[in-house]
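**Q** What follows is the file data-v5.cif, containing mmCIF, C-alpha atoms; chains and numbers go by the auth columns:
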data_query
#
loop_
_atom_site.group_PDB
_atom_site.id
_atom_site.type_symbol
_atom_site.label_atom_id
_atom_site.label_comp_id
_atom_site.label_asym_id
_atom_site.label_seq_id
_atom_site.Cartn_x
_atom_site.Cartn_y
_atom_site.Cartn_z
_atom_site.B_iso_or_equiv
_atom_site.auth_seq_id
_atom_site.auth_asym_id
ATOM 1 C CA MET A 1 -4.487 16.333 16.769 0.00 192 A
ATOM 2 C CA SER A 2 -2.572 13.060 16.501 0.00 193 A
ATOM 3 C CA SER A 3 0.679 12.234 18.299 0.00 194 A
ATOM 4 C CA HIS A 4 3.481 9.937 17.229 0.00 195 A
ATOM 5 C CA LEU A 5 5.713 8.365 19.868 0.00 196 A
ATOM 6 C CA ARG A 6 9.005 6.513 19.802 0.00 197 A
ATOM 7 C CA ILE A 7 8.960 3.472 22.096 0.00 198 A
ATOM 8 C CA ASP A 8 12.121 1.614 23.056 0.00 199 A
ATOM 9 C CA PHE A 9 11.214 -1.736 24.584 0.00 200 A
ATOM 10 C CA VAL A 10 14.214 -2.921 26.604 0.00 201 A
ATOM 11 C CA SER A 11 13.882 -6.643 27.191 0.00 202 A
ATOM 12 C CA ASP A 12 15.248 -10.176 26.972 0.00 203 A
ATOM 13 C CA ILE A 13 13.490 -12.992 25.138 0.00 204 A
ATOM 14 C CA SER A 14 14.126 -15.266 28.132 0.00 205 A
ATOM 15 C CA CYS A 15 11.949 -12.981 30.287 0.00 206 A
ATOM 16 C CA PRO A 16 8.309 -14.147 30.512 0.00 207 A
ATOM 17 C CA TRP A 17 7.141 -10.784 31.833 0.00 208 A
ATOM 18 C CA CYS A 18 8.568 -9.193 28.689 0.00 209 A
ATOM 19 C CA ALA A 19 6.141 -11.265 26.608 0.00 210 A
ATOM 20 C CA VAL A 20 3.285 -10.152 28.875 0.00 211 A
ATOM 21 C CA GLY A 21 4.395 -6.530 28.774 0.00 212 A
ATOM 22 C CA LEU A 22 4.703 -6.494 24.990 0.00 213 A
ATOM 23 C CA GLY A 23 1.235 -7.953 24.581 0.00 214 A
ATOM 24 C CA ALA A 24 -0.224 -5.383 26.967 0.00 215 A
ATOM 25 C CA LEU A 25 1.598 -2.501 25.274 0.00 216 A
ATOM 26 C CA GLU A 26 0.363 -3.538 21.843 0.00 217 A
ATOM 27 C CA ALA A 27 -3.192 -3.855 23.165 0.00 218 A
ATOM 28 C CA ALA A 28 -2.904 -0.360 24.654 0.00 219 A
ATOM 29 C CA LEU A 29 -1.623 1.027 21.353 0.00 220 A
ATOM 30 C CA LYS A 30 -4.696 -0.400 19.606 0.00 221 A
ATOM 31 C CA ARG A 31 -6.914 1.359 22.131 0.00 222 A
ATOM 32 C CA VAL A 32 -5.310 4.764 21.608 0.00 223 A
ATOM 33 C CA ALA A 33 -5.132 4.527 17.800 0.00 224 A
ATOM 34 C CA PRO A 34 -5.493 6.473 15.566 0.00 225 A
ATOM 35 C CA ASP A 35 -5.018 9.483 17.867 0.00 226 A
ATOM 36 C CA ILE A 36 -1.694 8.112 19.085 0.00 227 A
ATOM 37 C CA THR A 37 0.666 6.035 16.970 0.00 228 A
ATOM 38 C CA ALA A 38 4.081 4.649 17.840 0.00 229 A
ATOM 39 C CA GLU A 39 7.321 3.429 16.329 0.00 230 A
ATOM 40 C CA LEU A 40 8.492 0.390 18.295 0.00 231 A
ATOM 41 C CA HIS A 41 12.174 -0.508 18.734 0.00 232 A
ATOM 42 C CA PHE A 42 13.543 -3.462 20.708 0.00 233 A
ATOM 43 C CA GLN A 43 16.665 -2.875 22.779 0.00 234 A
ATOM 44 C CA PRO A 44 18.877 -5.599 24.283 0.00 235 A
ATOM 45 C CA PHE A 45 19.097 -6.678 27.906 0.00 236 A
ATOM 46 C CA GLU A 46 20.520 -10.003 29.086 0.00 237 A
ATOM 47 C CA LEU A 47 19.062 -11.480 32.246 0.00 238 A
ATOM 48 C CA ASN A 48 21.725 -14.185 32.284 0.00 239 A
ATOM 49 C CA PRO A 49 24.775 -12.901 30.400 0.00 240 A
ATOM 50 C CA ASP A 50 27.030 -15.551 31.947 0.00 241 A
ATOM 51 C CA MET A 51 24.821 -18.486 30.993 0.00 242 A
ATOM 52 C CA PRO A 52 27.027 -21.251 29.491 0.00 243 A
ATOM 53 C CA PRO A 53 26.380 -22.560 25.959 0.00 244 A
ATOM 54 C CA GLU A 54 24.640 -25.691 27.228 0.00 245 A
ATOM 55 C CA GLY A 55 22.203 -23.628 29.288 0.00 246 A
ATOM 56 C CA GLN A 56 20.846 -24.617 32.680 0.00 247 A
ATOM 57 C CA ASP A 57 17.840 -26.537 33.964 0.00 248 A
ATOM 58 C CA ALA A 58 15.061 -23.996 34.522 0.00 249 A
ATOM 59 C CA PHE A 59 14.055 -25.180 38.000 0.00 250 A
ATOM 60 C CA GLU A 60 17.674 -25.339 39.118 0.00 251 A
ATOM 61 C CA HIS A 61 18.396 -21.831 37.826 0.00 252 A
ATOM 62 C CA LEU A 62 15.361 -20.214 39.450 0.00 253 A
ATOM 63 C CA ASN A 63 15.937 -22.127 42.674 0.00 254 A
ATOM 64 C CA GLN A 64 19.531 -20.878 42.841 0.00 255 A
ATOM 65 C CA LYS A 65 18.574 -17.318 41.899 0.00 256 A
ATOM 66 C CA TYR A 66 15.477 -16.846 44.060 0.00 257 A
ATOM 67 C CA GLY A 67 15.371 -19.852 46.403 0.00 258 A
ATOM 68 C CA SER A 68 11.958 -20.795 45.000 0.00 259 A
ATOM 69 C CA THR A 69 10.501 -24.279 45.446 0.00 260 A
ATOM 70 C CA ARG A 70 8.849 -26.310 42.684 0.00 261 A
ATOM 71 C CA GLU A 71 5.440 -25.403 44.137 0.00 262 A
ATOM 72 C CA GLN A 72 6.271 -21.695 44.156 0.00 263 A
ATOM 73 C CA GLN A 73 7.580 -21.842 40.616 0.00 264 A
ATOM 74 C CA ALA A 74 4.429 -23.646 39.460 0.00 265 A
ATOM 75 C CA ALA A 75 2.241 -20.974 41.086 0.00 266 A
ATOM 76 C CA ASN A 76 4.289 -18.215 39.455 0.00 267 A
ATOM 77 C CA ARG A 77 4.014 -19.927 36.064 0.00 268 A
ATOM 78 C CA GLU A 78 0.241 -20.146 36.394 0.00 269 A
ATOM 79 C CA ALA A 79 -0.023 -16.459 37.279 0.00 270 A
ATOM 80 C CA ILE A 80 2.104 -15.521 34.281 0.00 271 A
ATOM 81 C CA ARG A 81 0.108 -17.862 32.013 0.00 272 A
ATOM 82 C CA ALA A 82 -3.098 -16.102 33.034 0.00 273 A
ATOM 83 C CA ARG A 83 -1.609 -12.670 32.390 0.00 274 A
ATOM 84 C CA GLY A 84 -0.282 -13.852 29.036 0.00 275 A
ATOM 85 C CA ALA A 85 -3.625 -15.326 27.997 0.00 276 A
ATOM 86 C CA ALA A 86 -5.301 -11.999 28.765 0.00 277 A
ATOM 87 C CA VAL A 87 -3.160 -10.290 26.123 0.00 278 A
ATOM 88 C CA GLY A 88 -3.118 -13.143 23.608 0.00 279 A
ATOM 89 C CA PHE A 89 0.210 -14.788 24.445 0.00 280 A
ATOM 90 C CA GLU A 90 0.348 -18.532 25.110 0.00 281 A
ATOM 91 C CA PHE A 91 2.821 -19.867 27.648 0.00 282 A
ATOM 92 C CA ARG A 92 3.743 -23.550 27.746 0.00 283 A
ATOM 93 C CA GLU A 93 1.889 -25.063 30.694 0.00 284 A
ATOM 94 C CA SER A 94 4.936 -26.763 32.194 0.00 285 A
ATOM 95 C CA GLY A 95 7.190 -23.795 31.524 0.00 286 A
ATOM 96 C CA ARG A 96 10.640 -23.827 29.941 0.00 287 A
ATOM 97 C CA SER A 97 12.796 -26.882 30.501 0.00 288 A
ATOM 98 C CA ARG A 98 16.077 -24.948 30.266 0.00 289 A
ATOM 99 C CA LEU A 99 17.363 -21.377 30.134 0.00 290 A
ATOM 100 C CA TYR A 100 19.956 -20.355 27.548 0.00 291 A
ATOM 101 C CA ASN A 101 22.246 -17.524 26.568 0.00 292 A
ATOM 102 C CA THR A 102 20.449 -14.934 24.415 0.00 293 A
ATOM 103 C CA PHE A 103 23.280 -12.727 23.105 0.00 294 A
ATOM 104 C CA ASP A 104 23.172 -14.093 19.540 0.00 295 A
ATOM 105 C CA ALA A 105 19.430 -13.539 19.479 0.00 296 A
ATOM 106 C CA HIS A 106 20.019 -9.894 20.422 0.00 297 A
ATOM 107 C CA ARG A 107 22.621 -9.562 17.649 0.00 298 A
ATOM 108 C CA LEU A 108 20.071 -10.831 15.156 0.00 299 A
ATOM 109 C CA LEU A 109 17.433 -8.425 16.468 0.00 300 A
ATOM 110 C CA HIS A 110 19.887 -5.537 16.025 0.00 301 A
ATOM 111 C CA TRP A 111 20.381 -6.534 12.397 0.00 302 A
ATOM 112 C CA ALA A 112 16.641 -6.948 11.863 0.00 303 A
ATOM 113 C CA ALA A 113 16.039 -3.357 13.000 0.00 304 A
ATOM 114 C CA LEU A 114 18.498 -2.108 10.370 0.00 305 A
ATOM 115 C CA GLU A 115 16.721 -4.128 7.698 0.00 306 A
ATOM 116 C CA ASP A 116 13.137 -3.190 8.596 0.00 307 A
ATOM 117 C CA PRO A 117 11.699 -2.176 12.007 0.00 308 A
ATOM 118 C CA ALA A 118 8.501 -4.107 11.249 0.00 309 A
ATOM 119 C CA ARG A 119 10.517 -7.267 10.688 0.00 310 A
ATOM 120 C CA GLN A 120 12.347 -6.695 13.963 0.00 311 A
ATOM 121 C CA VAL A 121 8.949 -6.744 15.664 0.00 312 A
ATOM 122 C CA ALA A 122 8.039 -9.957 13.813 0.00 313 A
ATOM 123 C CA LEU A 123 11.359 -11.565 14.782 0.00 314 A
ATOM 124 C CA LYS A 124 11.006 -10.556 18.427 0.00 315 A
ATOM 125 C CA LYS A 125 7.532 -12.109 18.595 0.00 316 A
ATOM 126 C CA ALA A 126 8.767 -15.269 16.861 0.00 317 A
ATOM 127 C CA MET A 127 11.599 -15.545 19.386 0.00 318 A
ATOM 128 C CA LEU A 128 9.291 -15.068 22.371 0.00 319 A
ATOM 129 C CA LYS A 129 6.980 -17.777 21.034 0.00 320 A
ATOM 130 C CA ALA A 130 9.904 -20.130 20.395 0.00 321 A
ATOM 131 C CA VAL A 131 11.131 -19.733 23.977 0.00 322 A
ATOM 132 C CA HIS A 132 7.942 -19.552 26.019 0.00 323 A
ATOM 133 C CA THR A 133 5.395 -21.462 23.931 0.00 324 A
ATOM 134 C CA ASP A 134 7.508 -24.028 22.078 0.00 325 A
ATOM 135 C CA ASP A 135 10.378 -24.501 24.580 0.00 326 A
ATOM 136 C CA GLU A 136 13.060 -24.078 21.918 0.00 327 A
ATOM 137 C CA ASN A 137 16.703 -23.154 22.432 0.00 328 A
ATOM 138 C CA PRO A 138 17.249 -19.474 21.504 0.00 329 A
ATOM 139 C CA SER A 139 21.021 -19.935 21.381 0.00 330 A
ATOM 140 C CA ASP A 140 20.739 -22.602 18.665 0.00 331 A
ATOM 141 C CA HIS A 141 21.759 -20.994 15.374 0.00 332 A
ATOM 142 C CA GLU A 142 19.492 -23.256 13.341 0.00 333 A
ATOM 143 C CA VAL A 143 16.509 -22.141 15.411 0.00 334 A
ATOM 144 C CA LEU A 144 17.482 -18.480 14.991 0.00 335 A
ATOM 145 C CA VAL A 145 17.982 -18.814 11.233 0.00 336 A
ATOM 146 C CA ARG A 146 14.557 -20.436 10.903 0.00 337 A
ATOM 147 C CA LEU A 147 12.912 -17.687 12.948 0.00 338 A
ATOM 148 C CA ALA A 148 14.594 -15.004 10.843 0.00 339 A
ATOM 149 C CA GLY A 149 13.113 -16.574 7.736 0.00 340 A
ATOM 150 C CA GLU A 150 9.683 -16.742 9.354 0.00 341 A
ATOM 151 C CA ALA A 151 9.962 -13.009 10.096 0.00 342 A
ATOM 152 C CA GLY A 152 10.609 -12.248 6.420 0.00 343 A
ATOM 153 C CA LEU A 153 14.373 -11.790 6.752 0.00 344 A
ATOM 154 C CA ASP A 154 17.072 -13.417 4.624 0.00 345 A
ATOM 155 C CA PRO A 155 17.988 -16.743 6.313 0.00 346 A
ATOM 156 C CA GLN A 156 21.394 -16.948 4.615 0.00 347 A
ATOM 157 C CA ARG A 157 22.325 -13.465 5.779 0.00 348 A
ATOM 158 C CA ALA A 158 21.171 -14.405 9.293 0.00 349 A
ATOM 159 C CA ARG A 159 23.349 -17.523 9.168 0.00 350 A
ATOM 160 C CA ALA A 160 26.386 -15.474 8.097 0.00 351 A
ATOM 161 C CA ILE A 161 25.863 -12.987 10.940 0.00 352 A
ATOM 162 C CA LEU A 162 25.587 -15.755 13.509 0.00 353 A
ATOM 163 C CA ALA A 163 28.721 -17.473 12.184 0.00 354 A
ATOM 164 C CA GLY A 164 30.820 -14.401 13.013 0.00 355 A
ATOM 165 C CA ASN A 165 30.773 -11.460 15.398 0.00 356 A
ATOM 166 C CA GLU A 166 28.760 -8.947 13.395 0.00 357 A
ATOM 167 C CA TYR A 167 26.783 -6.483 15.543 0.00 358 A
ATOM 168 C CA ALA A 168 28.361 -7.803 18.757 0.00 359 A
ATOM 169 C CA ALA A 169 29.984 -4.453 19.586 0.00 360 A
ATOM 170 C CA GLU A 170 26.831 -2.531 18.720 0.00 361 A
ATOM 171 C CA THR A 171 24.694 -4.843 20.845 0.00 362 A
ATOM 172 C CA ARG A 172 27.049 -4.535 23.819 0.00 363 A
ATOM 173 C CA ALA A 173 27.003 -0.755 23.436 0.00 364 A
ATOM 174 C CA ARG A 174 23.193 -0.648 23.531 0.00 365 A
ATOM 175 C CA GLU A 175 23.153 -2.916 26.588 0.00 366 A
ATOM 176 C CA ARG A 176 25.598 -0.605 28.385 0.00 367 A
ATOM 177 C CA PHE A 177 23.646 2.480 27.381 0.00 368 A
ATOM 178 C CA TYR A 178 20.455 1.283 29.042 0.00 369 A
ATOM 179 C CA THR A 179 22.116 -0.164 32.148 0.00 370 A
ATOM 180 C CA ASN A 180 24.070 3.079 32.575 0.00 371 A
ATOM 181 C CA ALA A 181 20.780 4.958 32.231 0.00 372 A
ATOM 182 C CA GLY A 182 19.407 3.000 35.191 0.00 373 A
ATOM 183 C CA VAL A 183 17.620 0.062 33.575 0.00 374 A
ATOM 184 C CA HIS A 184 18.362 -2.982 35.731 0.00 375 A
ATOM 185 C CA ALA A 185 15.136 -4.966 35.310 0.00 376 A
ATOM 186 C CA VAL A 186 12.954 -5.725 32.313 0.00 377 A
ATOM 187 C CA PRO A 187 10.713 -5.042 30.591 0.00 378 A
ATOM 188 C CA ALA A 188 11.558 -1.358 30.639 0.00 379 A
ATOM 189 C CA VAL A 189 9.496 0.731 28.246 0.00 380 A
ATOM 190 C CA VAL A 190 11.109 4.064 27.346 0.00 381 A
ATOM 191 C CA ILE A 191 8.856 6.521 25.546 0.00 382 A
ATOM 192 C CA ASP A 192 10.294 9.411 23.557 0.00 383 A
ATOM 193 C CA ASN A 193 13.664 8.873 25.250 0.00 384 A
ATOM 194 C CA GLN A 194 12.446 10.403 28.494 0.00 385 A
ATOM 195 C CA HIS A 195 9.530 8.536 30.093 0.00 386 A
ATOM 196 C CA LEU A 196 10.085 5.129 31.718 0.00 387 A
ATOM 197 C CA ILE A 197 7.425 2.508 32.440 0.00 388 A
ATOM 198 C CA SER A 198 8.815 -0.492 34.311 0.00 389 A
ATOM 199 C CA GLY A 199 7.470 -4.034 34.383 0.00 390 A
ATOM 200 C CA GLY A 200 4.833 -6.079 32.596 0.00 391 A
ATOM 201 C CA GLN A 201 2.056 -3.634 33.388 0.00 392 A
ATOM 202 C CA PRO A 202 -1.660 -4.198 32.632 0.00 393 A
ATOM 203 C CA VAL A 203 -3.128 -2.791 29.420 0.00 394 A
ATOM 204 C CA GLU A 204 -4.888 -0.003 31.325 0.00 395 A
ATOM 205 C CA VAL A 205 -1.631 1.253 32.843 0.00 396 A
ATOM 206 C CA PHE A 206 0.038 1.454 29.440 0.00 397 A
ATOM 207 C CA GLU A 207 -3.020 3.106 27.903 0.00 398 A
ATOM 208 C CA ARG A 208 -3.168 5.771 30.610 0.00 399 A
ATOM 209 C CA ALA A 209 0.571 6.444 30.342 0.00 400 A
ATOM 210 C CA LEU A 210 0.449 6.731 26.556 0.00 401 A
ATOM 211 C CA ARG A 211 -2.399 9.230 26.717 0.00 402 A
ATOM 212 C CA GLN A 212 -0.663 11.299 29.393 0.00 403 A
ATOM 213 C CA ILE A 213 2.671 11.313 27.602 0.00 404 A
ATOM 214 C CA ALA A 214 1.135 12.166 24.234 0.00 405 A
ATOM 215 C CA GLY A 215 -0.368 15.268 25.840 0.00 406 A
ATOM 216 C CA ALA A 216 2.683 16.213 27.906 0.00 407 A
ATOM 217 C CA ALA A 217 5.188 18.946 27.163 0.00 408 A
ATOM 218 C CA PRO A 218 8.693 17.746 26.233 0.00 409 A
ATOM 219 C CA ALA A 219 11.036 17.319 29.179 0.00 410 A
ATOM 220 C CA ALA A 220 14.217 19.374 29.407 0.00 411 A
ATOM 221 C CA THR A 221 16.465 16.305 29.520 0.00 412 A
ATOM 222 C CA ALA A 222 16.247 13.122 27.507 0.00 413 A
ATOM 223 C CA LEU A 223 17.414 9.560 28.066 0.00 414 A
ATOM 224 C CA ALA A 224 19.056 9.267 24.670 0.00 415 A
#
Just give me the structure as structure tokens.
**A**
Amino acid sequence: MSSHLRIDFVSDISCPWCAVGLGALEAALKRVAPDITAELHFQPFELNPDMPPEGQDAFEHLNQKYGSTREQQAANREAIRARGAAVGFEFRESGRSRLYNTFDAHRLLHWAALEDPARQVALKKAMLKAVHTDDENPSDHEVLVRLAGEAGLDPQRARAILAGNEYAAETRARERFYTNAGVHAVPAVVIDNQHLISGGQPVEVFERALRQIAGAAPAATALA
């Protein structure tokens, strides 16, 4: 008997572990198919909500946030690159040059979900590639409009959304919902509104969790 799951993937496109986690989750879903299928939804989380429009040098930001040296950051990048390669995601060898605000990207992802969940997935992947593979600025409206078009969405509609405040309130509400529910680090993978898997886990961890959850009885309380 087959099972169908709802998966809410809470993440930020500036988060490298979110790219790793998404790749691992999708690989796990391929392993459990066709017995288990899933409907994937991306939910917003900002790692750096106060990031100014001009962004910040990546080394400087991580050094201020974690106290990490250039050598430590290089070692971390290499570890993440290896994990990404294992699930088919390519990270830029030298890492990102700058970090930027991602709120407009989240607004566009909210709209994409209303248009077509499959195109939201395509847009999310395009954004992750733009940030972590191509070192592009995800707060640049021209970049976002181009990515929307690449994902099969209407570029002119995307441009109009970005020019105003459409979906800002809805995006803020979703951010608050997940932080109020206890999500304070990403990726956070919420399955059927009640099971939480935290972090960019290996494929095997996601596969095991999906199989267990698909066979589990519904919990009495739900996250949403």
**Q** Sorted by chain and rising residue number, list the residues of segment 256-290 of chain A at most 10 Å from segment 388-404 of chain A (counting all atoms listed in the file), each with its closest atom pair and distance in Å to one decimal, as CSV.
**A**
residue,atom,partner,partner_atom,distance
A:Ile271,CA,A:Gly391,CA,10.0
A:Arg274,CA,A:Pro393,CA,8.5
A:Gly275,CA,A:Gly391,CA,10.0
A:Ala277,CA,A:Pro393,CA,9.4
A:Val278,CA,A:Val394,CA,8.2
**Q** What does the distance from atom CA of Gly212 of chain A to atom CA of Leu300 of chain A come to in Å, to one decimal?
**A**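 Atom CA of Leu300 of chain A lies at a distance of 18.0 Å from atom CA of Gly212 of chain A.
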**Q** List the residues selected by the PyMOL selection byres ((chain A and resi 224-236) around 7) in the file shown, writing them as a VMD selection string.
**A** chain A and resid 192 to 203 220 to 223 237 to 238 297 308 362 365 to 366
**Q** Of the residues A:Ala266, A:Ala218, A:Ala317, A:Ala351, which is the one nearest to Glu284 of chain A, using only C-alpha atoms?
**A**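 Selected residue with least distance to Glu284 of chain A: A:Ala266.
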**Q** Can you pull out the residues contacting segment 336-348 of chain A? Cut-off 12 Å, using all atoms listed in the file, and skip same-chain residues under 4 positions away; I want them as a PyMOL selection string.
**A** chain A and resi 295-296+298-300+302-322+327-332+352-355+357
**Q** Okay, now the selection with C-alpha atoms, as a compact mmCIF listing (two decimals), in the frame of the given file?
**A**
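Wrote result.txt, looks like this:
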# COMPACT_ATOMS: atom_id res chain seq x y z
CA ASP A 295 23.17 -14.09 19.54
CA ALA A 296 19.43 -13.54 19.48
CA ARG A 298 22.62 -9.56 17.65
CA LEU A 299 20.07 -10.83 15.16
CA LEU A 300 17.43 -8.43 16.47
CA TRP A 302 20.38 -6.53 12.40
CA ALA A 303 16.64 -6.95 11.86
CA ALA A 304 16.04 -3.36 13.00
CA LEU A 305 18.50 -2.11 10.37
CA GLU A 306 16.72 -4.13 7.70
CA ASP A 307 13.14 -3.19 8.60
CA PRO A 308 11.70 -2.18 12.01
CA ALA A 309 8.50 -4.11 11.25
CA ARG A 310 10.52 -7.27 10.69
CA GLN A 311 12.35 -6.70 13.96
CA VAL A 312 8.95 -6.74 15.66
CA ALA A 313 8.04 -9.96 13.81
CA LEU A 314 11.36 -11.56 14.78
CA LYS A 315 11.01 -10.56 18.43
CA LYS A 316 7.53 -12.11 18.60
CA ALA A 317 8.77 -15.27 16.86
CA MET A 318 11.60 -15.54 19.39
CA LEU A 319 9.29 -15.07 22.37
CA LYS A 320 6.98 -17.78 21.03
CA ALA A 321 9.90 -20.13 20.40
CA VAL A 322 11.13 -19.73 23.98
CA GLU A 327 13.06 -24.08 21.92
CA ASN A 328 16.70 -23.15 22.43
CA PRO A 329 17.25 -19.47 21.50
CA SER A 330 21.02 -19.93 21.38
CA ASP A 331 20.74 -22.60 18.66
CA HIS A 332 21.76 -20.99 15.37
CA ILE A 352 25.86 -12.99 10.94
CA LEU A 353 25.59 -15.76 13.51
CA ALA A 354 28.72 -17.47 12.18
CA GLY A 355 30.82 -14.40 13.01
CA GLU A 357 28.76 -8.95 13.40
**Q** Please determine, counting all atoms listed in the file, which residue among A:Asn292, A:Phe282, A:Leu335, A:Val380 has the shortest atom-to-atom distance to Glu217 of chain A.
**A**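 Nearest to Glu217 of chain A: A:Val380.
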**Q** Output as a PDB file, in the coordinates of the input: segment 343-350 of chain A, completed with all heavy atoms.
**A**
ATOM      1  N   GLY A 343      10.455 -12.920   7.707  1.00  0.00           N
ATOM      2  CA  GLY A 343      10.609 -12.248   6.420  1.00  0.00           C
ATOM      3  C   GLY A 343      12.005 -11.739   6.152  1.00  0.00           C
ATOM      4  O   GLY A 343      12.213 -10.951   5.226  1.00  0.00           O
ATOM      5  N   LEU A 344      12.986 -12.190   6.942  1.00  0.00           N
ATOM      6  CA  LEU A 344      14.373 -11.790   6.752  1.00  0.00           C
ATOM      7  C   LEU A 344      15.128 -12.862   5.970  1.00  0.00           C
ATOM      8  O   LEU A 344      14.669 -13.996   5.852  1.00  0.00           O
ATOM      9  CB  LEU A 344      15.029 -11.570   8.119  1.00  0.00           C
ATOM     10  CG  LEU A 344      14.449 -10.402   8.925  1.00  0.00           C
ATOM     11  CD1 LEU A 344      14.679 -10.598  10.419  1.00  0.00           C
ATOM     12  CD2 LEU A 344      15.043  -9.078   8.450  1.00  0.00           C
ATOM     13  N   ASP A 345      16.278 -12.508   5.439  1.00  0.00           N
ATOM     14  CA  ASP A 345      17.072 -13.417   4.624  1.00  0.00           C
ATOM     15  C   ASP A 345      17.763 -14.452   5.519  1.00  0.00           C
ATOM     16  O   ASP A 345      18.675 -14.105   6.286  1.00  0.00           O
ATOM     17  CB  ASP A 345      18.122 -12.613   3.857  1.00  0.00           C
ATOM     18  CG  ASP A 345      19.012 -13.474   2.962  1.00  0.00           C
ATOM     19  OD1 ASP A 345      18.848 -14.713   2.967  1.00  0.00           O
ATOM     20  OD2 ASP A 345      19.875 -12.909   2.276  1.00  0.00           O
ATOM     21  N   PRO A 346      17.391 -15.723   5.441  1.00  0.00           N
ATOM     22  CA  PRO A 346      17.988 -16.743   6.313  1.00  0.00           C
ATOM     23  C   PRO A 346      19.496 -16.899   6.110  1.00  0.00           C
ATOM     24  O   PRO A 346      20.233 -17.119   7.081  1.00  0.00           O
ATOM     25  CB  PRO A 346      17.242 -18.024   5.938  1.00  0.00           C
ATOM     26  CG  PRO A 346      15.988 -17.567   5.281  1.00  0.00           C
ATOM     27  CD  PRO A 346      16.331 -16.296   4.600  1.00  0.00           C
ATOM     28  N   GLN A 347      19.961 -16.785   4.869  1.00  0.00           N
ATOM     29  CA  GLN A 347      21.394 -16.948   4.615  1.00  0.00           C
ATOM     30  C   GLN A 347      22.194 -15.798   5.204  1.00  0.00           C
ATOM     31  O   GLN A 347      23.297 -16.006   5.729  1.00  0.00           O
ATOM     32  CB  GLN A 347      21.646 -17.070   3.108  1.00  0.00           C
ATOM     33  CG  GLN A 347      21.037 -18.318   2.484  1.00  0.00           C
ATOM     34  CD  GLN A 347      21.375 -19.592   3.249  1.00  0.00           C
ATOM     35  OE1 GLN A 347      22.533 -19.843   3.603  1.00  0.00           O
ATOM     36  NE2 GLN A 347      20.360 -20.408   3.533  1.00  0.00           N
ATOM     37  N   ARG A 348      21.659 -14.612   5.144  1.00  0.00           N
ATOM     38  CA  ARG A 348      22.325 -13.465   5.779  1.00  0.00           C
ATOM     39  C   ARG A 348      22.329 -13.651   7.294  1.00  0.00           C
ATOM     40  O   ARG A 348      23.329 -13.362   7.956  1.00  0.00           O
ATOM     41  CB  ARG A 348      21.602 -12.165   5.396  1.00  0.00           C
ATOM     42  CG  ARG A 348      22.192 -10.916   6.034  1.00  0.00           C
ATOM     43  CD  ARG A 348      23.526 -10.536   5.420  1.00  0.00           C
ATOM     44  NE  ARG A 348      24.051  -9.344   6.068  1.00  0.00           N
ATOM     45  CZ  ARG A 348      25.132  -9.324   6.843  1.00  0.00           C
ATOM     46  NH1 ARG A 348      25.818 -10.430   7.071  1.00  0.00           N
ATOM     47  NH2 ARG A 348      25.536  -8.192   7.395  1.00  0.00           N
ATOM     48  N   ALA A 349      21.235 -14.139   7.847  1.00  0.00           N
ATOM     49  CA  ALA A 349      21.171 -14.405   9.293  1.00  0.00           C
ATOM     50  C   ALA A 349      22.225 -15.436   9.688  1.00  0.00           C
ATOM     51  O   ALA A 349      22.922 -15.274  10.698  1.00  0.00           O
ATOM     52  CB  ALA A 349      19.778 -14.901   9.667  1.00  0.00           C
ATOM     53  N   ARG A 350      22.373 -16.472   8.875  1.00  0.00           N
ATOM     54  CA  ARG A 350      23.349 -17.523   9.168  1.00  0.00           C
ATOM     55  C   ARG A 350      24.769 -16.951   9.153  1.00  0.00           C
ATOM     56  O   ARG A 350      25.598 -17.286  10.009  1.00  0.00           O
ATOM     57  CB  ARG A 350      23.220 -18.657   8.148  1.00  0.00           C
ATOM     58  CG  ARG A 350      24.028 -19.892   8.505  1.00  0.00           C
ATOM     59  CD  ARG A 350      23.891 -20.967   7.417  1.00  0.00           C
ATOM     60  NE  ARG A 350      22.506 -21.367   7.214  1.00  0.00           N
ATOM     61  CZ  ARG A 350      21.858 -22.237   7.969  1.00  0.00           C
ATOM     62  NH1 ARG A 350      22.477 -22.788   9.006  1.00  0.00           N
ATOM     63  NH2 ARG A 350      20.606 -22.553   7.708  1.00  0.00           N
TER      64      ARG A 350
END
